[in-house]
>>> print(open('work_9.txt').read())   # compact mmCIF, C-alpha atoms
# COMPACT_ATOMS: atom_id res chain seq x y z
CA MET A 113 -30.60 -18.47 -3.12
CA ASP A 114 -27.82 -19.32 -0.66
CA TYR A 115 -25.47 -16.54 -1.82
CA ASP A 116 -25.35 -13.38 -3.89
CA VAL A 117 -21.93 -14.28 -5.31
CA LEU A 118 -20.19 -17.65 -5.33
CA LEU A 119 -16.51 -17.93 -6.27
CA CYS A 120 -15.71 -21.49 -7.30
CA ASN A 121 -12.45 -23.42 -7.47
CA GLY A 122 -10.12 -20.43 -7.24
CA LEU A 123 -6.52 -20.77 -6.14
CA VAL A 124 -6.97 -18.93 -2.87
CA ILE A 125 -3.90 -17.30 -1.33
CA ASP A 126 -4.92 -15.85 2.01
CA PRO A 127 -1.82 -15.41 4.19
CA ALA A 128 -3.83 -14.01 7.11
CA ASN A 129 -5.45 -17.43 7.46
CA SER A 130 -2.55 -19.55 6.12
CA ARG A 131 -4.64 -20.64 3.16
CA ASN A 132 -3.14 -21.73 -0.14
CA GLY A 133 -5.28 -24.08 -2.18
CA ARG A 134 -8.53 -24.57 -4.06
CA PHE A 135 -11.48 -23.06 -2.22
CA HIS A 136 -15.03 -21.88 -2.76
CA ILE A 137 -16.13 -18.53 -1.28
CA GLY A 138 -19.75 -17.65 -0.62
CA ILE A 139 -20.75 -13.97 -0.36
CA ARG A 140 -24.05 -12.55 0.82
CA GLU A 141 -24.98 -8.94 1.57
CA GLY A 142 -21.41 -7.79 1.00
CA ILE A 143 -19.97 -10.16 3.61
CA ILE A 144 -17.86 -13.32 3.24
CA GLN A 145 -20.24 -15.92 4.66
CA ARG A 146 -18.27 -19.10 4.07
CA VAL A 147 -14.88 -20.29 2.77
CA TRP A 148 -14.50 -24.04 2.20
CA GLU A 149 -12.25 -26.45 0.34
CA ALA A 150 -13.28 -27.22 -3.21
CA ASP A 151 -14.53 -30.79 -3.68
CA ASP A 152 -15.87 -31.83 -7.10
CA ARG A 153 -17.88 -34.63 -5.45
CA MET A 154 -20.03 -32.14 -3.54
CA PRO A 155 -22.86 -30.11 -5.13
CA LEU A 156 -22.48 -26.34 -5.10
CA PRO A 157 -24.93 -24.14 -3.20
CA THR A 158 -27.21 -21.82 -5.13
CA SER A 159 -26.14 -18.27 -5.93
CA LYS A 160 -27.39 -15.29 -7.93
CA MET A 161 -23.95 -15.03 -9.55
CA VAL A 162 -21.41 -17.84 -9.95
CA ILE A 163 -17.82 -17.05 -10.93
CA ASP A 164 -15.67 -19.95 -12.07
CA ALA A 165 -12.26 -18.93 -10.76
CA LYS A 166 -10.34 -22.13 -11.54
CA GLU A 167 -7.91 -20.22 -13.79
CA LEU A 168 -7.50 -17.34 -11.34
CA ILE A 169 -5.63 -16.49 -8.16
CA VAL A 170 -8.01 -15.27 -5.46
CA THR A 171 -6.60 -13.03 -2.72
CA PRO A 172 -7.93 -10.69 -0.08
CA GLY A 173 -8.54 -7.28 -1.59
CA LEU A 174 -5.18 -5.69 -2.39
CA ILE A 175 -4.16 -2.70 -0.26
CA ASP A 176 -1.90 0.07 -1.57
CA LEU A 177 -0.31 1.77 1.44
CA HIS A 178 1.05 4.81 -0.46
CA VAL A 179 -0.85 6.66 -3.19
CA HIS A 180 -1.70 10.26 -4.12
CA ILE A 181 -5.33 10.78 -5.14
CA PHE A 182 -6.11 14.39 -4.21
CA THR A 183 -7.08 15.65 -7.67
CA ASP A 184 -7.22 19.28 -8.82
CA TYR A 185 -5.82 20.77 -5.62
CA THR A 186 -2.39 19.07 -5.59
CA PRO A 187 0.22 18.58 -8.34
CA LEU A 188 0.13 14.79 -8.05
CA GLY A 189 -3.46 13.64 -7.59
CA ILE A 190 -4.90 10.87 -9.77
CA GLN A 191 -8.48 9.62 -9.89
CA THR A 192 -9.05 7.13 -7.07
CA ASP A 193 -10.77 4.24 -8.84
CA ARG A 194 -8.30 4.36 -11.74
CA ILE A 195 -5.58 3.07 -9.41
CA GLY A 196 -8.01 1.31 -7.09
CA VAL A 197 -10.79 -1.09 -8.04
CA GLN A 198 -10.03 -0.79 -11.75
CA GLN A 199 -6.62 -2.33 -10.98
CA GLY A 200 -7.68 -4.99 -8.47
CA VAL A 201 -7.02 -2.77 -5.42
CA THR A 202 -9.86 -2.48 -2.90
CA THR A 203 -8.22 -0.09 -0.40
CA VAL A 204 -5.79 2.78 -0.99
CA VAL A 205 -4.10 4.99 1.57
CA ASP A 206 -3.37 8.53 0.47
CA ALA A 207 0.05 9.47 1.80
CA GLY A 208 -0.06 13.04 3.01
CA SER A 209 -1.71 14.80 0.09
CA ALA A 210 -4.04 16.48 2.59
CA GLY A 211 -3.36 18.32 5.82
CA VAL A 212 -5.86 19.30 8.47
CA GLU A 213 -7.09 22.39 6.56
CA SER A 214 -7.41 20.68 3.18
CA TYR A 215 -8.81 17.38 4.49
CA PRO A 216 -12.52 18.30 4.04
CA ILE A 217 -11.93 19.12 0.36
CA PHE A 218 -9.93 15.89 0.00
CA LEU A 219 -12.92 13.91 1.29
CA GLU A 220 -15.22 15.63 -1.20
CA LYS A 221 -12.91 15.23 -4.20
CA SER A 222 -11.36 11.81 -3.67
CA VAL A 223 -13.26 9.75 -1.11
CA THR A 224 -17.03 10.07 -1.06
CA SER A 225 -17.59 9.39 -4.78
CA SER A 226 -15.16 6.45 -5.06
CA GLU A 227 -15.89 2.72 -5.14
CA THR A 228 -12.40 2.13 -3.70
CA GLU A 229 -12.05 2.43 0.06
CA VAL A 230 -9.83 5.40 0.93
CA LEU A 231 -7.80 5.77 4.12
CA ALA A 232 -5.22 8.45 4.81
CA TRP A 233 -1.88 9.38 6.26
CA ILE A 234 -2.50 13.00 7.27
CA ASN A 235 0.29 15.46 6.48
CA ILE A 236 1.69 17.25 9.53
CA SER A 237 1.62 20.42 7.38
CA ARG A 238 -1.80 22.06 7.59
CA LEU A 239 -2.20 22.33 3.80
CA GLY A 240 -0.61 19.03 2.84
CA LEU A 241 0.52 19.24 -0.78
CA CYS A 242 -2.08 21.86 -1.71
CA GLY A 243 0.50 24.62 -1.31
CA GLY A 244 3.22 22.84 -3.32
CA LEU A 245 5.85 20.19 -2.71
CA SER A 246 7.93 22.02 -0.07
CA GLU A 247 5.24 21.74 2.56
CA LEU A 248 7.62 21.37 5.52
CA ALA A 249 9.87 24.32 4.68
CA ASP A 250 7.85 26.71 6.86
CA LEU A 251 7.56 25.47 10.45
CA SER A 252 4.68 27.86 11.10
CA GLN A 253 2.59 25.69 8.74
CA LEU A 254 2.87 22.63 10.97
CA ALA A 255 -0.39 21.92 12.76
CA PRO A 256 0.14 19.37 15.55
CA VAL A 257 -2.78 20.37 17.81
CA GLU A 258 -5.35 20.62 15.01
CA THR A 259 -4.07 17.41 13.42
CA ALA A 260 -4.43 15.48 16.68
CA HIS A 261 -7.97 16.80 17.13
CA LEU A 262 -8.96 15.75 13.60
CA MET A 263 -7.46 12.29 13.95
CA LYS A 264 -9.45 11.63 17.11
CA SER A 265 -12.68 12.27 15.18
CA ASP A 266 -12.01 10.41 11.90
CA SER A 267 -11.06 6.73 11.87
CA ARG A 268 -10.11 6.91 8.20
CA ILE A 269 -6.90 8.69 9.21
CA CYS A 270 -4.50 5.92 10.21
CA GLY A 271 -1.25 7.81 10.80
CA ILE A 272 0.86 10.88 10.07
CA LYS A 273 3.02 11.56 7.00
CA ALA A 274 6.28 13.50 7.02
CA ARG A 275 8.48 13.80 3.93
CA MET A 276 12.14 13.94 4.96
CA SER A 277 14.10 15.12 1.93
CA ALA A 278 15.98 18.33 1.20
CA SER A 279 13.52 19.78 -1.30
CA VAL A 280 10.67 19.38 1.20
CA VAL A 281 12.19 20.49 4.52
CA GLN A 282 14.82 22.88 3.11
CA GLU A 283 16.60 24.40 6.17
CA ASN A 284 14.49 22.60 8.77
CA GLY A 285 16.23 19.22 8.85
CA SER A 286 14.41 16.71 11.06
CA LYS A 287 12.37 19.27 13.02
CA PRO A 288 9.07 18.45 11.24
CA LEU A 289 9.58 14.78 12.04
CA TYR A 290 10.04 15.61 15.73
CA VAL A 291 6.67 17.37 15.65
CA ALA A 292 4.99 14.51 13.79
CA LYS A 293 6.38 11.98 16.25
CA GLN A 294 5.08 13.94 19.24
CA VAL A 295 1.54 13.77 17.85
CA ALA A 296 1.94 10.11 16.86
CA ARG A 297 3.08 9.12 20.35
CA GLU A 298 0.19 10.99 21.94
CA LEU A 299 -2.34 9.19 19.73
CA GLU A 300 -0.43 5.88 19.54
CA VAL A 301 -0.42 5.84 15.74
CA PRO A 302 2.39 5.23 13.25
CA VAL A 303 4.30 7.76 11.19
CA MET A 304 5.08 7.19 7.52
CA VAL A 305 8.37 8.83 6.57
CA HIS A 306 9.36 9.54 2.98
CA ILE A 307 13.15 9.30 2.59
CA GLY A 308 15.10 10.82 -0.28
CA ASN A 309 17.97 13.19 -0.85
CA ALA A 310 19.71 14.54 2.26
CA PRO A 311 19.59 16.60 4.32
CA PRO A 312 18.38 15.32 6.67
CA ALA A 313 20.70 12.33 6.56
CA LEU A 314 19.01 8.94 6.69
CA HIS A 315 20.80 7.86 9.88
CA GLU A 316 19.34 10.91 11.65
CA VAL A 317 15.82 10.11 10.44
CA LEU A 318 15.98 6.43 11.32
CA GLU A 319 17.06 7.08 14.89
CA LEU A 320 13.79 8.95 15.51
CA LEU A 321 11.56 6.07 14.43
CA GLU A 322 9.93 3.43 16.61
CA ALA A 323 8.22 0.06 16.17
CA GLY A 324 5.34 0.33 13.69
CA ASP A 325 6.63 3.46 11.95
CA VAL A 326 6.99 3.09 8.18
CA VAL A 327 9.96 4.06 6.01
CA THR A 328 8.62 4.43 2.48
CA HIS A 329 11.00 4.50 -0.54
CA ALA A 330 13.26 2.25 1.56
CA PHE A 331 14.81 0.64 -1.53
CA HIS A 332 15.65 3.68 -3.64
CA GLY A 333 18.92 3.86 -5.56
CA LYS A 334 20.03 7.35 -4.56
CA LYS A 335 23.14 8.23 -2.61
CA GLY A 336 22.62 8.07 1.14
CA GLY A 337 20.21 5.12 1.20
CA ILE A 338 20.06 2.09 3.49
CA PHE A 339 23.40 0.76 2.20
CA THR A 340 26.78 2.40 2.62
CA GLU A 341 29.00 3.10 -0.39
CA GLU A 342 30.85 -0.13 0.50
CA GLY A 343 27.59 -2.10 0.20
CA SER A 344 26.99 -2.87 3.86
CA LEU A 345 23.73 -2.15 5.64
CA LEU A 346 23.69 1.20 7.40
CA PRO A 347 24.02 0.50 11.18
CA GLU A 348 21.04 2.75 11.91
CA ALA A 349 18.97 0.79 9.38
CA GLU A 350 19.90 -2.47 11.06
CA ARG A 351 18.94 -1.07 14.46
CA ALA A 352 15.68 0.32 13.08
CA LEU A 353 14.67 -3.06 11.67
CA LYS A 354 15.45 -4.72 15.00
CA ARG A 355 13.23 -2.16 16.76
CA GLY A 356 10.34 -3.04 14.45
CA VAL A 357 10.52 -0.11 12.04
CA ILE A 358 8.86 -1.14 8.77
CA PHE A 359 10.50 -0.89 5.35
CA ASP A 360 8.00 -0.25 2.55
CA VAL A 361 8.66 -0.25 -1.21
CA GLY A 362 6.94 3.04 -2.17
CA HIS A 363 8.07 2.73 -5.80
CA GLY A 364 7.38 6.23 -7.12
CA THR A 365 9.03 7.99 -10.04
CA SER A 366 12.53 7.89 -8.57
CA SER A 367 12.42 5.71 -5.46
CA PHE A 368 12.77 2.03 -6.37
CA SER A 369 15.95 0.33 -7.57
CA PHE A 370 16.30 -3.30 -8.66
CA ALA A 371 19.95 -3.14 -7.55
CA THR A 372 19.07 -1.93 -4.05
CA MET A 373 16.29 -4.47 -3.71
CA ARG A 374 18.58 -7.30 -4.85
CA ARG A 375 21.21 -6.22 -2.32
CA ALA A 376 18.58 -6.13 0.43
CA LEU A 377 17.34 -9.60 -0.44
CA GLU A 378 20.94 -10.89 -0.39
CA CYS A 379 21.17 -9.50 3.15
CA GLY A 380 17.95 -11.23 4.17
CA ILE A 381 15.91 -8.01 4.14
CA LYS A 382 12.53 -8.18 2.48
CA PRO A 383 10.00 -5.35 2.26
CA TYR A 384 7.23 -5.69 4.81
CA THR A 385 4.83 -3.98 2.42
CA ILE A 386 4.62 -3.33 -1.33
CA SER A 387 3.20 0.07 -2.22
CA THR A 388 3.31 2.20 -5.34
CA ASP A 389 3.51 5.93 -4.53
CA ILE A 390 1.45 6.17 -7.69
CA TYR A 391 0.31 9.52 -9.03
CA ARG A 392 -0.51 11.37 -12.21
CA GLN A 393 3.07 11.64 -13.49
CA ASN A 394 4.10 7.99 -13.05
CA ILE A 395 1.03 5.87 -13.79
CA ASP A 396 2.21 5.42 -17.39
CA GLY A 397 5.67 4.44 -16.16
CA PRO A 398 7.60 3.38 -14.33
CA VAL A 399 4.95 2.51 -11.71
CA HIS A 400 1.78 1.61 -13.68
CA SER A 401 -0.10 -0.16 -10.84
CA LEU A 402 0.18 -2.10 -7.61
CA ALA A 403 0.03 -5.39 -9.54
CA MET A 404 2.96 -4.27 -11.70
CA THR A 405 4.94 -3.34 -8.59
CA MET A 406 4.14 -6.78 -7.14
CA ASN A 407 5.44 -8.30 -10.39
CA LYS A 408 8.79 -6.58 -9.88
CA ILE A 409 9.20 -8.08 -6.41
CA LEU A 410 8.15 -11.49 -7.79
CA ALA A 411 10.70 -11.19 -10.60
CA LEU A 412 13.44 -10.64 -8.01
CA GLY A 413 12.69 -14.03 -6.47
CA VAL A 414 10.24 -13.33 -3.65
CA SER A 415 7.54 -16.01 -3.48
CA LEU A 416 3.95 -15.39 -4.57
CA ASP A 417 2.64 -16.11 -1.07
CA GLU A 418 4.99 -13.49 0.39
CA VAL A 419 4.14 -10.92 -2.28
CA VAL A 420 0.43 -11.37 -1.55
CA GLU A 421 1.13 -11.06 2.19
CA MET A 422 3.05 -7.80 1.54
CA SER A 423 0.03 -6.44 -0.35
CA THR A 424 -2.83 -7.61 1.89
CA CYS A 425 -2.53 -8.56 5.55
CA ASN A 426 0.76 -6.75 6.23
CA PRO A 427 -0.53 -3.29 5.26
CA ALA A 428 -3.77 -4.09 7.08
CA ARG A 429 -1.75 -4.72 10.26
CA ILE A 430 0.07 -1.39 9.91
CA LEU A 431 -3.30 0.32 9.55
CA ARG A 432 -4.65 -1.65 12.53
CA LYS A 433 -7.52 -2.85 10.40
CA ASP A 434 -6.47 -6.48 9.93
CA HIS A 435 -9.78 -7.58 11.51
CA GLU A 436 -11.59 -5.83 8.63
CA ILE A 437 -9.42 -5.94 5.48
CA GLY A 438 -6.49 -7.90 4.08
CA THR A 439 -8.18 -11.18 4.98
CA LEU A 440 -10.74 -13.68 3.69
CA THR A 441 -11.99 -14.49 7.18
CA GLU A 442 -15.65 -15.45 7.34
CA GLY A 443 -17.74 -12.56 8.61
CA THR A 444 -15.50 -9.84 7.16
CA ARG A 445 -16.31 -7.48 4.32
CA ALA A 446 -16.14 -9.13 0.90
CA ASP A 447 -13.15 -7.27 -0.52
CA ILE A 448 -11.47 -9.71 -2.89
CA SER A 449 -9.02 -9.51 -5.81
CA LEU A 450 -8.98 -12.00 -8.67
CA LEU A 451 -5.80 -12.10 -10.72
CA ARG A 452 -4.52 -14.18 -13.60
CA MET A 453 -0.92 -15.41 -13.82
CA LYS A 454 -0.12 -14.65 -17.45
CA LYS A 455 2.60 -16.55 -19.27
CA GLY A 456 4.94 -14.72 -21.60
CA PRO A 457 7.78 -12.21 -21.48
CA LEU A 458 7.22 -8.82 -19.86
CA GLU A 459 9.87 -6.13 -19.47
CA LEU A 460 9.81 -4.41 -16.09
CA THR A 461 11.47 -1.05 -15.41
CA ASP A 462 12.61 0.43 -12.10
CA SER A 463 13.06 4.10 -11.19
CA GLU A 464 16.67 4.06 -12.44
CA GLN A 465 15.53 2.92 -15.92
CA ALA A 466 17.10 -0.49 -15.31
CA THR A 467 15.08 -3.33 -16.85
CA LEU A 468 14.27 -6.89 -15.95
CA THR A 469 12.35 -9.39 -18.09
CA THR A 470 10.01 -11.85 -16.46
CA SER A 471 8.40 -14.92 -18.03
CA SER A 472 5.13 -14.68 -16.09
CA TYR A 473 3.23 -11.91 -14.38
CA LEU A 474 0.07 -11.07 -12.44
CA GLN A 475 -2.76 -9.33 -14.25
CA PRO A 476 -5.89 -8.16 -12.35
CA GLU A 477 -9.13 -9.54 -13.81
CA LEU A 478 -11.91 -8.81 -11.32
CA THR A 479 -12.33 -6.81 -8.14
CA ILE A 480 -15.00 -7.58 -5.58
CA LYS A 481 -15.64 -4.55 -3.38
CA SER A 482 -18.08 -5.06 -0.51
CA GLY A 483 -19.62 -7.88 -2.55
CA LYS A 484 -19.95 -5.87 -5.77
CA VAL A 485 -18.22 -7.48 -8.75
CA LEU A 486 -16.22 -5.06 -10.94
CA LYS A 487 -14.16 -5.73 -14.06
CA CYS A 488 -10.58 -4.49 -14.06
CA VAL A 489 -9.43 -2.20 -16.86
>>> encode(input="work_9.txt", output="structure tokens")
Amino acid sequence: MDYDVLLCNGLVIDPANSRNGRFHIGIREGIIQRVWEADDRMPLPTSKMVIDAKELIVTPGLIDLHVHIFTDYTPLGIQTDRIGVQQGVTTVVDAGSAGVESYPIFLEKSVTSSETEVLAWINISRLGLCGGLSELADLSQLAPVETAHLMKSDSRICGIKARMSASVVQENGSKPLYVAKQVARELEVPVMVHIGNAPPALHEVLELLEAGDVVTHAFHGKKGGIFTEEGSLLPEAERALKRGVIFDVGHGTSSFSFATMRRALECGIKPYTISTDIYRQNIDGPVHSLAMTMNKILALGVSLDEVVEMSTCNPARILRKDHEIGTLTEGTRADISLLRMKKGPLELTDSEQATLTTSSYLQPELTIKSGKVLKCV
């Protein structure tokens, strides 16, 4: 047999390689061996499994840059594969559920037994969310030295998470972010910053961020967001974007607004990445899945190619793993998502309970993880 798995005639959208068309993909030993244009005149090679993907959209494995999967020990954690390979997502990045002291338990509970690849933003607080959701209220719980040491020894940790909203930092303002940034600069890694209700004020947070840092929940509908009350872009937000600071969706229970996203698109601002901030309390709404969050950005007029880019190679670049994931390059791991574009009305809901009806939407059908074919639920 030439291949273990052969995908035939799929509509391949692979922004990392500027592919959009009908292609065959040959997989052997968990690796993409060959990608070539479909031609009905040419015989197909032999394969142990052949998947006719002519009705499907084939993309690099979807990457969710912001999830919470630390079960049992945190208030938010949801089972990894439920929001991973069962929903067409091959890689998830837990966003600060674990800190340096709770990280070993996190690996045991949420990483080692999962089909889905798990990476992490490590919380600058030593316990992460294991001690509750005000993890940055006590500065004595910050662990910069220990966090730096751990990050040097574990390549699954791709950056540092700091949640900058009043309920989290309480009287500490931006001080935890200063600490996180010091470690990030030392290690040359990005920081992911959760933004929400002030204090600290958003302009203060944005001024601390540098190229490659990620603002998650960038398009929330709360007071004090990226737009002023008059509807103009906050000057600090404009400067941050020019510096190369990244704006991520990070939908969450209360952090994505159709109105804010529409205003951003009118201003020429598109999210660099689409992520869910999915957890136990929002999987049944309003978030549901990464595919559903992608559908919301599609429904607002962003092209399918761009939406796939925001969910594959763009997050891979942030994670500095674009040579491994987020791509269908020959020789890379066979992480692939197969989705169907369903026709028919679907009502979409944002975090403000505003609704939008779309006439077509993506639905995950199959996930290929390291060459293993899995059905989506």
>>> residues_near_point(input="work_9.txt", point="(-27.7, -22.2, -6.6)", cutoff="8 Å", atoms="all atoms listed in the file", output="ChimeraX atom specification")
/A:113-115,156-160
>>> write_last_selection(input="work_9.txt", atoms="C-alpha atoms", output="PDB file, in the frame of the given file")
ATOM      1  CA  MET A 113     -30.600 -18.470  -3.120  1.00  0.00           C
ATOM      2  CA  ASP A 114     -27.820 -19.320  -0.660  1.00  0.00           C
ATOM      3  CA  TYR A 115     -25.470 -16.540  -1.820  1.00  0.00           C
ATOM      4  CA  LEU A 156     -22.480 -26.340  -5.100  1.00  0.00           C
ATOM      5  CA  PRO A 157     -24.930 -24.140  -3.200  1.00  0.00           C
ATOM      6  CA  THR A 158     -27.210 -21.820  -5.130  1.00  0.00           C
ATOM      7  CA  SER A 159     -26.140 -18.270  -5.930  1.00  0.00           C
ATOM      8  CA  LYS A 160     -27.390 -15.290  -7.930  1.00  0.00           C
TER       9      LYS A 160
END
>>> closest_atom_pairs(input="work_9.txt", of="range 361-434 of chain A", to="range 121-143 of chain A", cutoff="10 Å", atoms="all atoms listed in the file", output="CSV")
residue,atom,partner,partner_atom,distance
A:Leu416,CA,A:Ile125,CA,8.7
A:Asp417,CA,A:Ile125,CA,6.7
A:Glu418,CA,A:Pro127,CA,8.0
A:Val419,CA,A:Pro127,CA,9.9
A:Val420,CA,A:Ile125,CA,7.3
A:Glu421,CA,A:Pro127,CA,5.6
A:Met422,CA,A:Pro127,CA,9.4
A:Thr424,CA,A:Pro127,CA,8.2
A:Cys425,CA,A:Ala128,CA,5.8
A:Asn426,CA,A:Ala128,CA,8.6
A:Ala428,CA,A:Ala128,CA,9.9
A:Asp434,CA,A:Ala128,CA,8.5
>>> write_last_selection(input="work_9.txt", atoms="C-alpha atoms", output="PDB file, in the frame of the given file")
ATOM      1  CA  LEU A 416       3.950 -15.390  -4.570  1.00  0.00           C
ATOM      2  CA  ASP A 417       2.640 -16.110  -1.070  1.00  0.00           C
ATOM      3  CA  GLU A 418       4.990 -13.490   0.390  1.00  0.00           C
ATOM      4  CA  VAL A 419       4.140 -10.920  -2.280  1.00  0.00           C
ATOM      5  CA  VAL A 420       0.430 -11.370  -1.550  1.00  0.00           C
ATOM      6  CA  GLU A 421       1.130 -11.060   2.190  1.00  0.00           C
ATOM      7  CA  MET A 422       3.050  -7.800   1.540  1.00  0.00           C
ATOM      8  CA  THR A 424      -2.830  -7.610   1.890  1.00  0.00           C
ATOM      9  CA  CYS A 425      -2.530  -8.560   5.550  1.00  0.00           C
ATOM     10  CA  ASN A 426       0.760  -6.750   6.230  1.00  0.00           C
ATOM     11  CA  ALA A 428      -3.770  -4.090   7.080  1.00  0.00           C
ATOM     12  CA  ASP A 434      -6.470  -6.480   9.930  1.00  0.00           C
TER      13      ASP A 434
END
>>> atom_distance(input="work_9.txt", atom1="CA of Ile381 in chain A", atom2="CA of Glu341 in chain A")
17.8 Å
>>> residues_around(input="work_9.txt", residues="range 307-319 of chain A", least_positions_apart="2", cutoff="8 Å", atoms="all atoms listed in the file", output="list of chain:residue names")
A:Arg275, A:Met276, A:Ser277, A:Ala278, A:Ser279, A:Gln282, A:Gly285, A:Ser286, A:Leu289, A:Val305, A:Leu321, A:Val327, A:Thr328, A:His329, A:Ala330, A:His332, A:Lys334, A:Lys335, A:Gly336, A:Gly337, A:Ile338, A:Leu346, A:Glu348, A:Ala349, A:Ala352, A:Ser367
>>> atom_distance(input="work_9.txt", atom1="CA of Arg375 in chain A", atom2="CA of Arg429 in chain A")
26.2 Å
>>> atom_distance(input="work_9.txt", atom1="CA of Leu440 in chain A", atom2="CA of Gln145 in chain A")
9.8 Å
>>> closest_atom_pairs(input="work_9.txt", of="range 372-420 of chain A", to="range 180-194 of chain A", cutoff="7 Å", atoms="only C-alpha atoms", output="Markdown table")
| residue | atom | partner | partner_atom | distance |
| --- | --- | --- | --- | --- |
| A:Asp389 | CA | A:His180 | CA | 6.8 |
| A:Ile390 | CA | A:His180 | CA | 6.3 |
| A:Tyr391 | CA | A:His180 | CA | 5.4 |
| A:Arg392 | CA | A:Ile190 | CA | 5.0 |
| A:Gln393 | CA | A:Leu188 | CA | 6.9 |
>>> closest_residue(input="work_9.txt", among="A:Thr479, A:Thr385, A:Ser415, A:Ser252", to="Leu177 in chain A", atoms="only C-alpha atoms")
A:Thr385
>>> residues_around(input="work_9.txt", residues="Asn235 in chain A", least_positions_apart="5", cutoff="9 Å", atoms="all atoms listed in the file", output="list of chain:residue names")
A:Ala207, A:Gly208, A:Ser209, A:Ala210, A:Gly211, A:Val212, A:Gly240, A:Leu241, A:Glu247, A:Leu254, A:Thr259, A:Gly271, A:Ile272, A:Lys273, A:Ala274, A:Arg275, A:Ala292
>>> closest_residue(input="work_9.txt", among="A:Glu149, A:Glu477, A:Asp447, A:Glu342", to="Leu174 in chain A", atoms="all atoms listed in the file")
A:Asp447
>>> closest_residue(input="work_9.txt", among="A:Ser225, A:Ser237, A:Ser265, A:Ser449", to="Glu213 in chain A", atoms="all atoms listed in the file")
A:Ser237
